[in-house]
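*Asks:* Structure: protein03.txt, compact mmCIF, C-alpha atoms.
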# COMPACT_ATOMS: atom_id res chain seq x y z
CA MET O 1 0.00 0.00 0.00
CA GLY O 2 3.05 2.26 -0.03
CA GLY O 3 3.53 2.51 3.72
CA LEU O 4 1.70 4.24 6.54
CA PRO O 5 0.37 7.75 5.88
CA SER O 6 1.99 10.44 8.03
CA PRO O 7 0.01 12.27 10.76
CA GLU O 8 -0.09 15.30 8.45
CA GLU O 9 -1.52 13.24 5.55
CA ALA O 10 -4.12 11.32 7.55
CA GLU O 11 -4.75 13.03 10.86
CA GLY O 12 -8.03 11.16 11.42
CA ILE O 13 -6.33 7.74 11.38
CA TRP O 14 -3.70 8.71 13.91
CA ARG O 15 -6.17 10.60 16.10
CA SER O 16 -8.42 7.55 16.39
CA ILE O 17 -5.47 5.36 17.34
CA TRP O 18 -4.28 8.08 19.74
CA TYR O 19 -7.60 8.10 21.65
CA GLU O 20 -7.70 4.32 21.88
CA GLU O 21 -4.09 3.90 22.94
CA ALA O 22 -4.14 6.66 25.57
CA HIS O 23 -7.32 5.21 27.09
CA HIS O 24 -6.52 1.51 27.06
CA SER O 25 -2.82 1.62 27.91
CA THR O 26 -3.44 3.76 30.99
CA ALA O 27 -6.51 1.67 31.92
CA ILE O 28 -4.30 -1.43 32.00
CA GLU O 29 -2.38 0.31 34.82
CA GLY O 30 -5.59 1.10 36.73
CA ASN O 31 -6.70 4.45 35.29
CA THR O 32 -10.47 4.88 35.67
CA LEU O 33 -11.32 7.37 32.87
CA VAL O 34 -13.71 6.05 30.21
CA LEU O 35 -13.06 6.60 26.51
CA LYS O 36 -15.46 9.55 26.17
CA GLN O 37 -13.74 11.34 29.05
CA VAL O 38 -10.37 10.71 27.42
CA GLU O 39 -11.60 12.16 24.12
CA ARG O 40 -12.97 15.30 25.82
CA LEU O 41 -9.76 15.73 27.79
CA LEU O 42 -7.57 15.44 24.69
CA ASP O 43 -9.83 17.43 22.36
CA GLU O 44 -10.88 20.24 24.67
CA GLY O 45 -8.44 20.08 27.57
CA ARG O 46 -11.41 19.62 29.89
CA ALA O 47 -11.42 17.27 32.87
CA VAL O 48 -14.94 15.87 32.58
CA GLY O 49 -16.28 13.93 35.57
CA ASN O 50 -15.18 13.58 39.17
CA LYS O 51 -12.13 11.36 38.83
CA GLU O 52 -8.88 11.79 40.73
CA LEU O 53 -6.55 14.48 39.36
CA SER O 54 -3.85 11.85 38.87
CA ASP O 55 -6.10 9.97 36.41
CA TYR O 56 -6.38 13.00 34.14
CA LEU O 57 -2.67 13.77 34.39
CA GLU O 58 -1.73 10.16 33.57
CA VAL O 59 -3.85 10.19 30.42
CA LYS O 60 -2.60 13.63 29.35
CA GLY O 61 1.03 12.64 29.84
CA TYR O 62 0.58 9.36 28.00
CA ALA O 63 -1.25 11.07 25.12
CA ASP O 64 1.50 13.70 24.79
CA ALA O 65 4.11 10.92 24.69
CA ALA O 66 2.13 8.92 22.11
CA ASP O 67 1.79 12.01 19.91
CA TRP O 68 5.56 12.53 20.17
CA VAL O 69 6.14 8.86 19.26
CA TYR O 70 3.93 8.97 16.16
CA ARG O 71 5.48 12.17 14.86
CA GLN O 72 9.01 11.14 15.70
CA ALA O 73 8.58 7.75 14.05
CA ASN O 74 6.99 9.16 10.89
CA SER O 75 9.39 12.05 10.37
CA PRO O 76 12.59 11.59 8.35
CA ARG O 77 14.17 13.90 10.91
CA GLY O 78 12.87 11.67 13.69
CA LEU O 79 15.85 9.37 13.34
CA SER O 80 18.00 12.39 14.25
CA GLY O 81 20.62 11.13 11.82
CA HIS O 82 21.38 8.02 13.87
CA GLY O 83 19.85 5.62 11.33
CA LYS O 84 18.68 3.25 14.07
CA VAL O 85 15.28 1.90 15.03
CA LEU O 86 15.65 3.31 18.52
CA THR O 87 18.06 5.03 20.89
CA LEU O 88 18.10 5.11 24.67
CA VAL O 89 17.87 8.91 24.55
CA GLU O 90 14.45 8.45 22.92
CA VAL O 91 13.40 5.93 25.58
CA ARG O 92 14.22 8.42 28.32
CA GLU O 93 12.40 11.20 26.48
CA ILE O 94 9.27 9.05 26.17
CA HIS O 95 9.33 8.32 29.88
CA HIS O 96 9.85 11.99 30.71
CA ILE O 97 6.93 13.17 28.57
CA ALA O 98 4.59 10.43 29.81
CA MET O 99 5.37 10.71 33.52
CA ALA O 100 6.21 14.38 34.15
CA PRO O 101 2.61 15.70 34.50
CA VAL O 102 1.50 13.24 37.16
CA TRP O 103 4.95 13.28 38.84
CA GLU O 104 4.74 17.02 39.40
CA ALA O 105 1.44 16.62 41.22
CA SER O 106 2.21 13.34 42.97
CA PRO O 107 5.86 12.21 42.86
CA HIS O 108 6.78 8.66 43.71
CA PRO O 109 7.13 8.52 47.53
CA GLN O 110 10.43 6.62 47.39
CA ALA O 111 12.05 8.61 44.59
CA ALA O 112 15.34 10.39 45.04
CA ASP O 113 16.01 13.59 43.12
CA SER O 114 18.03 11.57 40.61
CA GLU O 115 15.03 9.32 39.80
CA ALA O 116 12.71 11.91 38.27
CA PRO O 117 10.96 11.20 34.93
CA GLY O 118 13.51 10.38 32.25
CA SER O 119 16.10 9.12 34.75
CA TYR O 120 16.85 5.50 35.56
CA ARG O 121 16.01 4.06 38.95
CA ARG O 122 18.46 3.85 41.81
CA HIS O 123 16.40 1.40 43.82
CA ASP O 124 15.90 -2.34 43.55
CA ILE O 125 12.32 -3.45 42.90
CA GLU O 126 10.61 -6.42 44.51
CA PRO O 127 9.68 -9.38 42.26
CA PHE O 128 6.26 -9.08 40.63
CA PRO O 129 3.31 -11.46 41.07
CA GLY O 130 3.98 -14.32 38.71
CA GLY O 131 7.73 -14.36 39.28
CA MET O 132 9.27 -11.65 37.04
CA VAL O 133 12.36 -10.27 38.83
CA PRO O 134 13.61 -6.82 37.71
CA VAL O 135 17.39 -6.62 37.35
CA PRO O 136 19.37 -5.02 40.21
CA TRP O 137 19.58 -1.27 39.67
CA PRO O 138 23.39 -1.11 39.19
CA LEU O 139 22.97 -3.32 36.09
CA VAL O 140 20.27 -1.21 34.41
CA ASP O 141 22.66 0.79 32.20
CA ALA O 142 24.51 -2.27 30.91
CA GLU O 143 21.32 -4.30 30.37
CA LEU O 144 19.71 -1.43 28.45
CA SER O 145 22.75 -1.16 26.17
CA ASP O 146 22.39 -4.84 25.28
CA TRP O 147 18.63 -4.39 24.84
CA GLU O 148 19.17 -1.40 22.53
CA HIS O 149 21.41 -3.57 20.34
CA GLU O 150 18.69 -6.26 20.18
CA VAL O 151 16.10 -3.69 19.15
CA ASN O 152 18.31 -2.30 16.41
CA SER O 153 18.91 -5.82 15.10
CA LEU O 154 15.19 -6.46 14.52
CA ASP O 155 14.19 -7.38 10.98
CA GLY O 156 10.65 -6.14 10.37
CA GLU O 157 10.27 -8.31 7.27
CA HIS O 158 11.32 -11.60 8.86
CA LEU O 159 8.62 -14.20 9.44
CA ALA O 160 9.61 -14.48 13.12
CA PHE O 161 9.39 -10.71 13.69
CA PRO O 162 6.34 -10.82 16.05
CA GLU O 163 8.11 -13.25 18.38
CA ALA O 164 11.35 -11.24 18.27
CA LEU O 165 9.33 -8.09 19.03
CA ALA O 166 7.70 -9.87 21.98
CA GLU O 167 11.12 -10.83 23.33
CA VAL O 168 12.44 -7.24 23.30
CA HIS O 169 9.16 -5.96 24.79
CA CYS O 170 9.39 -8.51 27.60
CA ARG O 171 13.08 -7.78 28.12
CA PHE O 172 12.33 -4.09 28.65
CA GLU O 173 9.86 -5.00 31.39
CA GLN O 174 12.39 -7.38 32.95
CA ILE O 175 14.99 -4.60 33.08
CA HIS O 176 12.35 -2.20 34.44
CA PRO O 177 14.68 0.79 34.06
CA PHE O 178 12.49 3.41 35.76
CA LEU O 179 11.08 3.63 39.25
CA ASP O 180 7.53 3.97 37.91
CA GLY O 181 5.75 4.00 34.55
CA ASN O 182 7.62 1.10 32.95
CA GLY O 183 4.48 -0.57 31.58
CA ARG O 184 3.26 2.60 29.87
CA THR O 185 6.75 3.46 28.62
CA GLY O 186 7.28 -0.09 27.36
CA ARG O 187 4.10 0.02 25.26
CA LEU O 188 4.99 3.47 23.88
CA VAL O 189 8.48 2.22 22.98
CA LEU O 190 6.89 -0.84 21.38
CA ASN O 191 4.86 1.43 19.11
CA LEU O 192 7.85 3.60 18.25
CA ILE O 193 9.57 0.41 17.06
CA LEU O 194 6.53 -0.74 15.09
CA VAL O 195 5.90 2.57 13.32
CA ARG O 196 9.60 3.02 12.54
CA LEU O 197 9.52 -0.39 10.86
CA GLY O 198 6.38 0.47 8.85
CA TYR O 199 3.66 -1.14 10.96
CA PRO O 200 0.59 0.44 12.59
CA PRO O 201 0.78 0.90 16.38
CA ALA O 202 -0.43 -1.97 18.57
CA VAL O 203 -3.20 -1.11 21.03
CA ILE O 204 -3.51 -3.54 23.96
CA TYR O 205 -7.13 -3.23 25.09
CA LYS O 206 -8.04 -3.15 28.76
CA ARG O 207 -10.37 -6.14 28.28
CA ASP O 208 -7.24 -8.13 27.34
CA ARG O 209 -5.25 -7.06 30.40
CA SER O 210 -5.20 -10.51 32.01
CA ARG O 211 -4.24 -12.24 28.76
CA TYR O 212 -1.50 -9.65 28.15
CA LEU O 213 -0.03 -10.16 31.63
CA ARG O 214 -0.18 -13.97 31.24
CA ALA O 215 1.61 -13.68 27.89
CA LEU O 216 4.28 -11.46 29.49
CA ARG O 217 4.78 -14.05 32.24
CA LYS O 218 5.17 -16.80 29.63
CA ALA O 219 7.68 -14.66 27.74
CA ASP O 220 9.54 -14.08 31.01
CA ALA O 221 9.72 -17.88 31.38
CA GLY O 222 11.18 -18.23 27.87
CA SER O 223 8.09 -18.74 25.70
CA ALA O 224 7.51 -15.58 23.66
CA GLY O 225 5.06 -17.15 21.20
CA PRO O 226 1.78 -16.19 22.94
CA LEU O 227 2.91 -12.57 23.40
CA GLY O 228 4.14 -12.44 19.81
CA GLU O 229 0.77 -13.65 18.56
CA MET O 230 -1.03 -11.08 20.70
CA LEU O 231 1.11 -8.25 19.35
CA ALA O 232 0.65 -9.43 15.76
CA ARG O 233 -3.13 -9.53 16.19
CA ALA O 234 -3.06 -6.04 17.75
CA VAL O 235 -1.17 -4.69 14.73
CA LEU O 236 -3.66 -6.35 12.35
CA ASP O 237 -6.54 -4.92 14.35
CA SER O 238 -5.13 -1.39 13.96
CA LEU O 239 -4.65 -2.00 10.25
CA TYR O 240 -8.23 -3.21 9.74
CA ARG O 241 -9.95 -0.75 12.10
CA PHE O 242 -8.08 2.46 11.39
CA VAL O 243 -5.80 2.37 8.37
CA LEU O 244 -7.52 0.38 5.61
CA PRO O 245 -10.95 2.07 5.88
CA ALA O 246 -9.32 5.50 5.65
CA VAL O 247 -6.93 4.91 2.76
CA ALA O 248 -8.83 2.39 0.62
CA GLY O 249 -11.04 3.81 -2.12
CA PRO O 250 -14.78 3.07 -1.97
CA ALA O 251 -14.52 0.32 -4.60
CA ARG O 252 -11.34 -1.27 -3.24
CA LEU O 253 -11.67 -4.78 -1.82
CA VAL O 254 -10.58 -4.97 1.81
CA PRO O 255 -11.02 -7.61 4.55
CA LEU O 256 -14.44 -7.50 6.21
CA GLU O 257 -12.78 -6.51 9.49
CA ALA O 258 -11.90 -3.19 7.86
CA LEU O 259 -15.57 -2.52 7.10
CA ALA O 260 -17.02 -3.55 10.47
CA THR O 261 -18.94 -0.98 12.53
CA SER O 262 -20.78 -0.99 15.85
CA GLU O 263 -23.96 -1.63 13.85
CA LEU O 264 -22.52 -4.41 11.67
CA GLY O 265 -19.68 -6.33 13.27
CA SER O 266 -17.24 -8.68 11.55
CA ALA O 267 -19.28 -11.78 12.39
CA ALA O 268 -22.49 -10.27 10.96
CA LEU O 269 -20.69 -9.26 7.77
CA ARG O 270 -19.19 -12.73 7.36
CA ALA O 271 -22.62 -14.29 7.82
CA ALA O 272 -24.13 -11.91 5.23
CA ALA O 273 -21.32 -12.69 2.79
CA GLY O 274 -21.74 -16.43 3.33
CA ARG O 275 -25.49 -16.18 2.60
CA GLY O 276 -24.82 -14.09 -0.50
CA ARG O 277 -26.64 -11.02 0.86
CA LEU O 278 -23.45 -8.96 1.00
CA GLN O 279 -21.50 -8.96 -2.25
CA ALA O 280 -18.03 -10.21 -1.39
CA THR O 281 -15.27 -12.49 -2.61
CA ARG O 282 -13.47 -15.22 -0.71
CA GLY O 283 -9.77 -15.53 -1.43
CA SER O 284 -7.54 -18.58 -1.42
CA ASP O 285 -6.59 -17.66 2.14
CA GLY O 286 -10.21 -18.19 3.23
CA ARG O 287 -10.73 -14.51 4.07
CA TRP O 288 -13.81 -12.66 2.85
CA ARG O 289 -13.28 -9.28 1.17
CA SER O 290 -15.77 -6.63 0.18
CA SER O 291 -15.86 -2.87 -0.50
CA ARG O 292 -17.56 0.19 0.94
CA VAL O 293 -19.68 0.41 -2.22
CA TRP O 294 -20.97 -3.12 -1.73
CA LEU O 295 -21.44 -2.53 1.99
CA ASP O 296 -23.58 0.57 1.28
CA GLU O 297 -25.70 -1.49 -1.15
CA TYR O 298 -26.17 -4.15 1.55
CA ARG O 299 -27.19 -1.52 4.12
CA GLU O 300 -29.76 -0.09 1.71
CA SER O 301 -31.20 -3.53 1.02
CA ARG O 302 -31.53 -4.19 4.76
CA TYR O 303 -33.28 -0.83 5.20
CA ARG O 304 -35.74 -1.58 2.37
CA ARG O 305 -36.59 -4.97 3.86
CA SER O 306 -37.30 -3.39 7.26
CA LEU O 307 -39.89 -0.97 5.80
For this file, produce the structure as structure tokens.

*Replies:*
Amino acid sequence: MGGLPSPEEAEGIWRSIWYEEAHHSTAIEGNTLVLKQVERLLDEGRAVGNKELSDYLEVKGYADAADWVYRQANSPRGLSGHGKVLTLVEVREIHHIAMAPVWEASPHPQAADSEAPGSYRRHDIEPFPGGMVPVPWPLVDAELSDWEHEVNSLDGEHLAFPEALAEVHCRFEQIHPFLDGNGRTGRLVLNLILVRLGYPPAVIYKRDRSRYLRALRKADAGSAGPLGEMLARAVLDSLYRFVLPAVAGPARLVPLEALATSELGSAALRAAAGRGRLQATRGSDGRWRSSRVWLDEYRESRYRRSL
């Protein structure tokens, strides 16, 4: 398709992903804002509802960091001349942008002055439920240097890319370089990697929190396959939900997932295609494809039958 459109070329695509990511990634960490409140906060700068101040600041910081990630990843100048997928300077900048707003209002109670947003931790962290043990803090710098090399060795066109991506995502969480905000920063870094390599961002939905954490624990134990599959499906979901509908012409055949709406979900469209009511073609891969033109014709036929 010629690659992802830039934020300037297709603002609507990136804005939709931006809302979803800011909401769901912070909700995984316990944020209580609903999607509509997130949209109002980001669109109008208004704190709608009676949530804790920290909830609004967490979302605003994450959204600012995600916006920075998308623009940095899509800009030729974003590589800053280093020609790499990622640098540790960028990782620290992401953490600083994401965490500074809430940190100013409510700093981590155990933080030293040297552990502010964008700075590595100088404390050891207790093992997490499930067994993941963060590395001792004196080893953070060395471990991150090795991790940076692994990231910059990723081959986005290799068949095993999703599993390799899962391994570096898990390794970041194992290193746990910051005192707080490592989950949010890790998912933002994940999307910087993906967009730099030509993929849509991956949104991990709050409904999948338990499955995501189980997959991380399996990756921590040496089995990255389940996490790799989850990340691959998240990328495909972004492609079908946000990118294809916006860039495909009305007559272009796209997978039914790219045409699904709240009114007509993927399952309903597949059923209609199977019964011949929705004009569609089924490829050798078994996937149904249709177009917006054919979908509009199907909607009109449903409306006429209901009269």

*Asks:* Do you know which residues are at most 7 Å from stretch 174-183 of chain O counting only C-alpha atoms, after dropping those on the same chain fewer than 5 positions away, and could you put them as an MDAnalysis selection string?

*Replies:* chainID O and resid 99 115 119:121 132:135 140 143

*Asks:* Would you write out those residues with C-alpha atoms, as a PDB file, in the frame of the given file?

*Replies:*
ATOM      1  CA  MET O  99       5.370  10.710  33.520  1.00  0.00           C
ATOM      2  CA  GLU O 115      15.030   9.320  39.800  1.00  0.00           C
ATOM      3  CA  SER O 119      16.100   9.120  34.750  1.00  0.00           C
ATOM      4  CA  TYR O 120      16.850   5.500  35.560  1.00  0.00           C
ATOM      5  CA  ARG O 121      16.010   4.060  38.950  1.00  0.00           C
ATOM      6  CA  MET O 132       9.270 -11.650  37.040  1.00  0.00           C
ATOM      7  CA  VAL O 133      12.360 -10.270  38.830  1.00  0.00           C
ATOM      8  CA  PRO O 134      13.610  -6.820  37.710  1.00  0.00           C
ATOM      9  CA  VAL O 135      17.390  -6.620  37.350  1.00  0.00           C
ATOM     10  CA  VAL O 140      20.270  -1.210  34.410  1.00  0.00           C
ATOM     11  CA  GLU O 143      21.320  -4.300  30.370  1.00  0.00           C
TER      12      GLU O 143
END

*Asks:* In Å, rounded to a single decimal, give me how far atom CA of O:Trp14 is from atom CA of O:Arg299.

*Replies:* 27.4 Å

*Asks:* Write out as a CSV table (one decimal) with C-alpha atoms, in the coordinates of the input the residues lying within 12 Å of O:Pro226, counting only C-alpha atoms and excluding same-chain residues fewer than 4 positions away.

*Replies:*
chain,number,residue,atom,x,y,z
O,162,PRO,CA,6.3,-10.8,16.0
O,163,GLU,CA,8.1,-13.2,18.4
O,164,ALA,CA,11.4,-11.2,18.3
O,165,LEU,CA,9.3,-8.1,19.0
O,166,ALA,CA,7.7,-9.9,22.0
O,167,GLU,CA,11.1,-10.8,23.3
O,170,CYS,CA,9.4,-8.5,27.6
O,211,ARG,CA,-4.2,-12.2,28.8
O,212,TYR,CA,-1.5,-9.6,28.2
O,213,LEU,CA,0.0,-10.2,31.6
O,214,ARG,CA,-0.2,-14.0,31.2
O,215,ALA,CA,1.6,-13.7,27.9
O,216,LEU,CA,4.3,-11.5,29.5
O,217,ARG,CA,4.8,-14.0,32.2
O,218,LYS,CA,5.2,-16.8,29.6
O,219,ALA,CA,7.7,-14.7,27.7
O,220,ASP,CA,9.5,-14.1,31.0
O,221,ALA,CA,9.7,-17.9,31.4
O,222,GLY,CA,11.2,-18.2,27.9
O,230,MET,CA,-1.0,-11.1,20.7
O,231,LEU,CA,1.1,-8.2,19.4
O,232,ALA,CA,0.6,-9.4,15.8
O,233,ARG,CA,-3.1,-9.5,16.2

*Asks:* Can you measure atom CA of O:Tyr199 to atom CA of O:Val235 for me? One decimal in Å is fine.

*Replies:* 7.1 Å

*Asks:* Ranking O:Gly61, O:Pro5, O:Gly276, O:Gly49 by minimum distance to O:His23 and counting all atoms listed in the file, which one comes first?

*Replies:* O:Gly61

*Asks:* Between atom CA of O:Gly274 and atom CA of O:Phe242, what is the distance, to one decimal in Å?

*Replies:*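 Taking atom CA of O:Gly274 as the start and atom CA of O:Phe242 as the end point, the length is 24.7 Å.
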
*Asks:* Point out the residue among O:Val168, O:Val48, O:Ala100, O:Leu244 with the least atom-to-atom distance to O:Pro200, counting all atoms listed in the file.

*Replies:*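 Distance minimum relative to O:Pro200 lands on O:Leu244.
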
*Asks:* List the spatial neighbours of O:Arg184 as a ChimeraX atom specification - criterion: any atom at most 8 Å away, all atoms listed in the file, same-chain residues fewer than 2 positions off excluded.

*Replies:* /O:25-26,29,62,98,181-182,186-188

*Asks:* Atoms are missing here; could stretch 11-40 of chain O be completed with N, CA and C atoms and written as a short mmCIF file (atom, residue, chain, number, x, y, z; two decimals), in the coordinates of the input?

*Replies:*
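Dumped to selection-v9.cif:
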data_model
loop_
_atom_site.label_atom_id
_atom_site.label_comp_id
_atom_site.auth_asym_id
_atom_site.auth_seq_id
_atom_site.Cartn_x
_atom_site.Cartn_y
_atom_site.Cartn_z
N GLU O 11 -4.63 12.71 9.44
CA GLU O 11 -4.75 13.03 10.86
C GLU O 11 -5.82 12.19 11.54
N GLY O 12 -6.93 11.92 10.82
CA GLY O 12 -8.03 11.16 11.42
C GLY O 12 -7.62 9.76 11.85
N ILE O 13 -6.80 9.09 11.03
CA ILE O 13 -6.33 7.74 11.38
C ILE O 13 -5.56 7.79 12.69
N TRP O 14 -4.57 8.66 12.73
CA TRP O 14 -3.70 8.71 13.91
C TRP O 14 -4.44 9.20 15.14
N ARG O 15 -5.41 10.10 14.95
CA ARG O 15 -6.17 10.60 16.10
C ARG O 15 -7.00 9.49 16.71
N SER O 16 -7.62 8.66 15.87
CA SER O 16 -8.42 7.55 16.39
C SER O 16 -7.56 6.57 17.17
N ILE O 17 -6.39 6.25 16.62
CA ILE O 17 -5.47 5.36 17.34
C ILE O 17 -5.01 6.01 18.63
N TRP O 18 -4.76 7.31 18.58
CA TRP O 18 -4.28 8.08 19.74
C TRP O 18 -5.27 8.00 20.88
N TYR O 19 -6.57 8.22 20.60
CA TYR O 19 -7.60 8.10 21.65
C TYR O 19 -7.56 6.71 22.28
N GLU O 20 -7.60 5.71 21.40
CA GLU O 20 -7.70 4.32 21.88
C GLU O 20 -6.48 3.95 22.72
N GLU O 21 -5.30 4.29 22.22
CA GLU O 21 -4.09 3.90 22.94
C GLU O 21 -3.99 4.60 24.29
N ALA O 22 -4.24 5.91 24.31
CA ALA O 22 -4.14 6.66 25.57
C ALA O 22 -5.11 6.11 26.60
N HIS O 23 -6.31 5.75 26.17
CA HIS O 23 -7.32 5.21 27.09
C HIS O 23 -6.93 3.83 27.59
N HIS O 24 -6.68 2.91 26.67
CA HIS O 24 -6.52 1.51 27.06
C HIS O 24 -5.19 1.24 27.74
N SER O 25 -4.11 1.89 27.30
CA SER O 25 -2.82 1.62 27.91
C SER O 25 -2.77 2.13 29.35
N THR O 26 -3.40 3.28 29.61
CA THR O 26 -3.44 3.76 30.99
C THR O 26 -4.44 2.95 31.83
N ALA O 27 -5.53 2.48 31.19
CA ALA O 27 -6.51 1.67 31.92
C ALA O 27 -5.90 0.35 32.38
N ILE O 28 -4.99 -0.20 31.60
CA ILE O 28 -4.30 -1.43 32.00
C ILE O 28 -3.58 -1.22 33.33
N GLU O 29 -3.10 0.00 33.57
CA GLU O 29 -2.38 0.31 34.82
C GLU O 29 -3.32 0.77 35.93
N GLY O 30 -4.64 0.76 35.68
CA GLY O 30 -5.59 1.10 36.73
C GLY O 30 -6.29 2.43 36.58
N ASN O 31 -6.02 3.17 35.49
CA ASN O 31 -6.70 4.45 35.29
C ASN O 31 -8.19 4.23 35.08
N THR O 32 -9.03 5.11 35.64
CA THR O 32 -10.47 4.88 35.67
C THR O 32 -11.25 5.72 34.66
N LEU O 33 -10.59 6.57 33.86
CA LEU O 33 -11.32 7.37 32.87
C LEU O 33 -11.90 6.47 31.79
N VAL O 34 -13.11 6.78 31.33
CA VAL O 34 -13.71 6.05 30.21
C VAL O 34 -13.30 6.76 28.91
N LEU O 35 -13.54 6.09 27.79
CA LEU O 35 -13.06 6.60 26.51
C LEU O 35 -13.60 7.99 26.20
N LYS O 36 -14.88 8.24 26.47
CA LYS O 36 -15.46 9.55 26.17
C LYS O 36 -14.77 10.66 26.98
N GLN O 37 -14.44 10.36 28.23
CA GLN O 37 -13.74 11.34 29.05
C GLN O 37 -12.33 11.60 28.51
N VAL O 38 -11.69 10.55 28.02
CA VAL O 38 -10.37 10.71 27.42
C VAL O 38 -10.45 11.61 26.19
N GLU O 39 -11.45 11.36 25.34
CA GLU O 39 -11.60 12.16 24.12
C GLU O 39 -11.84 13.63 24.45
N ARG O 40 -12.70 13.91 25.44
CA ARG O 40 -12.97 15.30 25.82
C ARG O 40 -11.71 15.95 26.39
#
